[in-house]
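Please read the structure below before turning to the comments.
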Amino acid sequence: MLKQLLRCLLLILLLALPAAAQQRITQSINSNWLFRKDAAESTAASVAAATGWEKVSLPHTWNAADVLDDEPGYYRGTGWYRKTLQVPAEWQQKRVYLYFEGANQEAEVYVNGQLAGRHAGGYTAFSFPVSQFIKFDGPNPASAQVLVKLSNRHNVDIPPLSADFTFFGGLYRDVYLVAASPVHFDLDNYASNGTFLTTPTVSKDAAEVVLSGALSNESATARKLTLLTQVLDAAGKTVVRQQTSLTLKAGENRRFRQPLPQLKQPHLWSPTDPYLYRVVSTISEGKAQLDELVNPLGLRWFRFDAAQGFFLNGQPLKLIGTNRHQDVSGRGNALPDALHEKDVQLLKQLGGNFLRISHYPQDPAVLQACDRLGILTSVEIPVVNAITDSEGFFQNCRTMQTEMIRQGFNHPSVIIWAYMNEVLLRLPEGIKRDNEPGRAYLKKVNQLAQQLDDLTRREDPSRYTMCVNHGAFELYQEAGLTKIPQLVGWNLYQGWYSGELPGFADYLDRHHRELPDKPLLVTEYGADSDERLHSFQPRRFDKTTEYANAYHQFYLKAILDRPFVAGSTVWNLAEFSSETRQEANPHMNTKSLLTADRQPKDAYYFYQAHLLQTPFLRIGSRGWNLRSGPAAGPDSLFCRQPVEIYTNQPAVRLLVNGRDLGTKPAEFGVVRFNVPFGNGWNRIRAQAPGQAVEDQADVEFQLLPTQLTSTQLPFTELNVSLGDQRTFSDAQLHQVWVPEQAYAPGGWGYVGGTVYKLPGERLPYGSDRDILGTSYDALYETQRVGLRQFRLDVPDGEYEVTLHFAELEAAPAAEQLVYNLAGTGAASGAAPKAGRSFSVLVNGVAALPNLGAAATLPPLQAVSFKIPVSARNGRGIILDFQPQTGETILNGLQVKRLY
Ligand code: GCB
Ligand code: CA
């Protein structure tokens, strides 16, 4: 009985086989590649014999380690990848393709020594037919040598020309091998899947769905084919189907348009209910199925209105979300799909409904996740900062735009195709806005925008076009960039790079007044925050969590208050790599809601409080659970510091170590308490009265005595950042650096001198240069200049004093940075002064004689000295700073009691 059943099964399988064997086969080929860098510019023929290949698997970038070190710069050159493929002999009957999801940025693909194709641009997919290069007449399986030459070198004809992110080189996305039957859906259409779904009308009652595309018959005979398309609901039930007969001549590629019967009472797609249908299309001949494709289908309609914002399925919907870059710390841009999906999850958990996929198309996993999770998207090509006036550049832009649109066409999450980001931020050398070359350049930019806009509307009339500008209103108007696209995106940083927070609101109102017919989105806004830096007097550009919090609180309110603002996206979801950046976190951009390894910052919770529908309450500064500060007075055992609670509830009650601090009302999602922290662990509990939501945080506090001889709070250690008004919490070393203060008897502090400050208004204090030899740049970037003493009235005992220096007077950075929107010249440096020289005496001993730029203190280099010292006869510790040439300096000071 069993045997019979098995035989029967086998028979069924065998019968099914011929049809199945004709099906398209798709497999990733990410494993077992060899890689080598090639500064010597080998050829495909010579490189095969070269040694020094490294085993890698994809996704892979050759810059992952490059950008982790302290040194500026990363390898921008050529790399080769190679792999041996085993191709079954049966595939001789098939059309074999290599498909690359993306490779940065110029690729040449060879198969068995022959060029299969070239591709320019690092962010879109490409594919090449390779059957003709495979030697099927040899052993089975046939082996094929795949060799990929890649370069991430600057190329004036390939966007981006410059940008505030790292151009990681490599085969950093999945690579696939595809084998299709000779009769197949078009495989040669800009690496799209060859089919395009449109929904000419969608309403609550009915939806029209049309599948267009092309079929190819690469066989030697005419074929009588059936194209069958079925729409399946989420349960897998066919809801509509359409069958079309076509006869294709040998070698014919035929376009088709297949309208489906009306779909009644469609289940609509939206962020709250991202319902997806599947559209399954097959080509068959008689009973044999030759090819099959599945596309997602989300039924929705939408529009933008200049006065009222965005509407989805007839309902107003404020688009709120973030931008996203495609790198994660330690991995560069070479991410497994799961990490792309995780970011979309994190945006969903934020309560966001919108993602600006910036500044380039990303891994297919991103749009897939957006379709599934209900995140609307805007996608753009990387024309950033500037253009090249060359036919090559224009052509590459048009090709990229076409690739982006055709490859992403069938994703219901996409509502906008964009094509330029702040393209007038960097006018090329010698060009000024109001000189003749300047006017000619603006005209060229206008031409390119017009070409890309026309192309986009032709390719896909169902989505909107957008151009994204920086906050130079007239300039973009003059170039026509507020007119050509259907939507204008503004990247606004008032209160960050320049100006003050209210300037943001004024700018939005100006747009509304002067361009009343043009819908607008705030495509970027953000403030850097280093999780280690905190301040009770937050200042623009100080990189503290507290300033970033205030910034987001102001911006979100201004956005929500204005119905004409269709949407906004925070810059950025997570910290990302930008190798040319300096400042407090060199090589990183830290304007984000998440750290580079995706831990939430305070602002993430603030947005959750506004965007989540369910009761929400979170204690802020969770990442700041190691704090320090001086006791409120000589007899106090507490230090009061602010804590923010983020909630969508009307009020919050706070308890600290069981002590009730009372209930306070929330203002715009935030409740502020001044919490008395005691030495050691403090347990904070927050509750929303009458609601089941609560949160708890444990904060460790290092309470500093105000009188250093205090017996109830004995002195143990002190870490001071000079020329600084921030605290710096170092969780790893379990140390907190506190801001400087002037000496007062019984306590500690500097005597004399001033805070180091660069000219200009951008930085409140300190330098914005990368300090080499440390990952504590923020500490070394601030400095007290011209101080005479540093004193600590510690009790008698044995101590260790560590002095930290960095010479901040240095030549300006060679590479002018592009992200400085205020145009005041980032990474500035005062002209180096004639070398300084000074000595430090520790309790009268010349422990550090002749410190100076010439030998001991090279510019922009962290230098530390640890010195043991005894405090005797109640004299404490006195450091005397004695200048010989120029002024004395001190960047940081640590004092620790040993015994
Ligand atoms: C911008 C750019 C973006 C930068 C950002 C910043 O306007 O579009 O690429 O990263 O500003 O942080 O300066
Ligand atoms: Ca992928």
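We label chains A, B, ... in the order they appear in the structure tokens, count residues from 1 in each chain, and number ligands from 1 in the order shown.
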
Within region 688-872 of chain A, find each residue whose DSSP state, derived from the backbone, is strand (DSSP E), and express the selection as a ChimeraX atom specification. /A:694-704,717-721,727-730,735-739,748-751,754-755,784-785,789-792,797-805,837-842,845-852,863-871

What residues of the protein or nucleic acid chains come within 7 Å of ligand 2 when you use only C-alpha atoms and all ligand atoms? Reply as a PyMOL selection string. chain A and resi 101+173-174+336-337+363-365

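Residues of protein or nucleic acid lying within 8 Å of ligand 1, counting only C-alpha atoms and all ligand atoms, are Ala163, Asp164, Phe165, His359, Val384, Asn421, Glu422, His470, Asn491, Leu492, Tyr493, Glu524, Tyr525, Gly526, Ala527, Asp528, Trp571, Asn589, Thr590, Lys591, Tyr819, Asn820 and Leu821 of chain A.
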
Distance query Gly73 (chain A) at most 12 Å, only C-alpha atoms, self and fewer than 2 positions along chain excluded, as a PyMOL selection string: chain A and resi 63+65-71+75-76+166-168+577-582+586-587+814-815

Please produce a file of the residues just selected, as a CSV table (one decimal), in the first residue's frame, where the atoms kept are C-alpha atoms.
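As written to disk, selection28.csv reads:
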chain,number,residue,atom,x,y,z
A,63,ASN,CA,36.6,50.0,3.3
A,65,ALA,CA,38.2,48.6,8.4
A,66,ASP,CA,39.5,51.8,6.7
A,67,VAL,CA,36.9,54.0,8.3
A,68,LEU,CA,37.2,52.6,11.8
A,69,ASP,CA,40.6,54.0,12.4
A,70,ASP,CA,41.5,57.5,13.5
A,71,GLU,CA,43.3,58.4,10.3
A,75,TYR,CA,40.9,53.6,-0.1
A,76,ARG,CA,39.3,54.9,-3.3
A,166,THR,CA,31.5,57.6,2.8
A,167,PHE,CA,31.6,56.0,-0.7
A,168,PHE,CA,32.4,52.5,0.4
A,577,SER,CA,29.9,57.1,8.3
A,578,SER,CA,31.2,60.3,6.7
A,579,GLU,CA,34.9,59.9,6.4
A,580,THR,CA,35.8,63.5,5.7
A,581,ARG,CA,33.9,64.9,8.7
A,582,GLN,CA,35.9,66.1,11.7
A,586,PRO,CA,35.4,62.4,13.5
A,587,HIS,CA,34.4,60.4,10.4
A,814,ALA,CA,43.3,70.4,3.4
A,815,GLU,CA,40.0,69.1,2.3

Hey, what's within 8 Å of Leu293 (chain A) if we count only C-alpha atoms and toss same-chain stuff fewer than 2 positions away? As a PyMOL selection string, please? chain A and resi 185+193+280-282+291+295

Selected residue, from A:Leu626, A:Leu161, A:Leu147, A:Ile877, that lies nearest to Gln105 (chain A) when counting only C-alpha atoms: A:Leu161

Which of A:Val869, A:Leu335, A:Leu211, A:Val570 sits closest to Leu228 (chain A) [using only C-alpha atoms]: A:Leu211

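With CA of Thr465 (chain A) on one side and CA of Pro437 (chain A) on the other, the separation reads 28.0 Å.
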
Identify, on the basis of only C-alpha atoms, every residue whose closest approach to Phe554 (chain A) does not exceed 10 Å; exclude the query and any residue fewer than 2 positions from it along the same chain; express the result as a short mmCIF file (atom, residue, chain, number, x, y, z; two decimals) with all heavy atoms, in the first residue's frame.
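The file below, result_39.cif, is the result:
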data_model
loop_
_atom_site.label_atom_id
_atom_site.label_comp_id
_atom_site.auth_asym_id
_atom_site.auth_seq_id
_atom_site.Cartn_x
_atom_site.Cartn_y
_atom_site.Cartn_z
N GLY A 495 19.33 77.12 13.51
CA GLY A 495 19.58 76.74 14.90
C GLY A 495 20.57 75.60 15.00
O GLY A 495 20.82 75.08 16.08
N LEU A 501 16.59 78.70 16.14
CA LEU A 501 15.48 77.78 15.88
C LEU A 501 14.28 78.43 15.19
O LEU A 501 13.76 77.88 14.21
CB LEU A 501 15.05 77.09 17.18
CG LEU A 501 16.11 76.20 17.83
CD1 LEU A 501 15.65 75.69 19.20
CD2 LEU A 501 16.44 75.01 16.92
N PRO A 502 13.81 79.60 15.65
CA PRO A 502 12.60 80.16 15.03
C PRO A 502 12.75 80.43 13.53
O PRO A 502 11.75 80.51 12.80
CB PRO A 502 12.37 81.46 15.80
CG PRO A 502 13.04 81.25 17.11
CD PRO A 502 14.25 80.40 16.81
N PHE A 504 13.54 78.46 11.40
CA PHE A 504 12.96 77.31 10.69
C PHE A 504 11.49 77.58 10.36
O PHE A 504 11.04 77.45 9.21
CB PHE A 504 13.10 76.06 11.56
CG PHE A 504 12.32 74.87 11.06
CD1 PHE A 504 12.64 74.28 9.86
CD2 PHE A 504 11.27 74.34 11.81
CE1 PHE A 504 11.92 73.18 9.38
CE2 PHE A 504 10.55 73.24 11.35
CZ PHE A 504 10.88 72.67 10.13
N ALA A 505 10.75 77.98 11.39
CA ALA A 505 9.32 78.24 11.20
C ALA A 505 9.12 79.37 10.19
O ALA A 505 8.23 79.30 9.32
CB ALA A 505 8.68 78.58 12.54
N ALA A 548 20.24 68.70 21.11
CA ALA A 548 19.49 67.96 20.09
C ALA A 548 18.04 67.78 20.52
O ALA A 548 17.11 67.91 19.72
CB ALA A 548 20.15 66.61 19.82
N ASN A 549 17.82 67.52 21.81
CA ASN A 549 16.45 67.36 22.30
C ASN A 549 15.65 68.65 22.08
O ASN A 549 14.52 68.61 21.59
CB ASN A 549 16.45 67.02 23.80
CG ASN A 549 16.95 65.61 24.05
OD1 ASN A 549 17.10 64.82 23.12
ND2 ASN A 549 17.23 65.29 25.29
N ALA A 550 16.25 69.77 22.49
CA ALA A 550 15.55 71.05 22.35
C ALA A 550 15.26 71.34 20.87
O ALA A 550 14.18 71.84 20.51
CB ALA A 550 16.39 72.17 22.96
N TYR A 551 16.21 71.02 20.03
CA TYR A 551 16.07 71.24 18.59
C TYR A 551 14.88 70.45 18.04
O TYR A 551 14.01 71.00 17.36
CB TYR A 551 17.38 70.82 17.91
CG TYR A 551 17.41 70.92 16.41
CD1 TYR A 551 18.04 71.99 15.77
CD2 TYR A 551 16.84 69.93 15.59
CE1 TYR A 551 18.09 72.08 14.38
CE2 TYR A 551 16.87 70.01 14.22
CZ TYR A 551 17.50 71.08 13.62
OH TYR A 551 17.54 71.16 12.25
N HIS A 552 14.82 69.17 18.36
CA HIS A 552 13.73 68.34 17.83
C HIS A 552 12.38 68.78 18.39
O HIS A 552 11.37 68.74 17.70
CB HIS A 552 13.98 66.86 18.13
CG HIS A 552 14.99 66.27 17.18
ND1 HIS A 552 14.71 66.06 15.85
CD2 HIS A 552 16.27 65.90 17.35
CE1 HIS A 552 15.77 65.57 15.25
NE2 HIS A 552 16.75 65.46 16.14
N LEU A 556 9.63 69.73 15.60
CA LEU A 556 8.43 68.90 15.41
C LEU A 556 7.17 69.73 15.63
O LEU A 556 6.19 69.60 14.90
CB LEU A 556 8.44 67.67 16.33
CG LEU A 556 7.25 66.73 16.12
CD1 LEU A 556 7.25 66.14 14.70
CD2 LEU A 556 7.22 65.60 17.14
N LYS A 557 7.23 70.61 16.61
CA LYS A 557 6.05 71.44 16.88
C LYS A 557 5.75 72.33 15.67
O LYS A 557 4.60 72.42 15.22
CB LYS A 557 6.29 72.29 18.13
CG LYS A 557 5.13 73.18 18.49
CD LYS A 557 4.94 73.32 19.98
CE LYS A 557 3.57 73.82 20.37
NZ LYS A 557 2.91 74.70 19.41
N ALA A 558 6.79 72.95 15.13
CA ALA A 558 6.59 73.83 13.97
C ALA A 558 6.02 73.05 12.79
O ALA A 558 5.19 73.55 12.02
CB ALA A 558 7.91 74.49 13.59
N ILE A 559 6.44 71.80 12.63
CA ILE A 559 5.96 70.97 11.52
C ILE A 559 4.49 70.59 11.74
O ILE A 559 3.65 70.72 10.84
CB ILE A 559 6.85 69.71 11.39
CG1 ILE A 559 8.23 70.09 10.86
CG2 ILE A 559 6.20 68.64 10.52
CD1 ILE A 559 9.31 69.04 11.09
N PHE A 668 3.83 69.30 25.36
CA PHE A 668 4.24 68.80 24.04
C PHE A 668 5.04 67.49 24.17
O PHE A 668 6.10 67.32 23.61
CB PHE A 668 5.03 69.86 23.29
CG PHE A 668 5.13 69.58 21.81
CD1 PHE A 668 3.98 69.45 21.03
CD2 PHE A 668 6.37 69.41 21.19
CE1 PHE A 668 4.07 69.17 19.67
CE2 PHE A 668 6.46 69.13 19.82
CZ PHE A 668 5.30 69.02 19.07
#

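Proximity to Asp730 (chain A) was assessed for A:Ser767, A:Gln243, A:Ser628, A:Asn572 counting only C-alpha atoms; the smallest distance is recorded for A:Ser628.
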
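Take CA of Pro705 (chain A) and CA of Ala871 (chain A): the distance between them is 17.6 Å.
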
Residues of region 33-272 of chain A in helix (DSSP H, G or I) according to DSSP, as a PyMOL selection string? chain A and resi 44-47+89-93+131-133
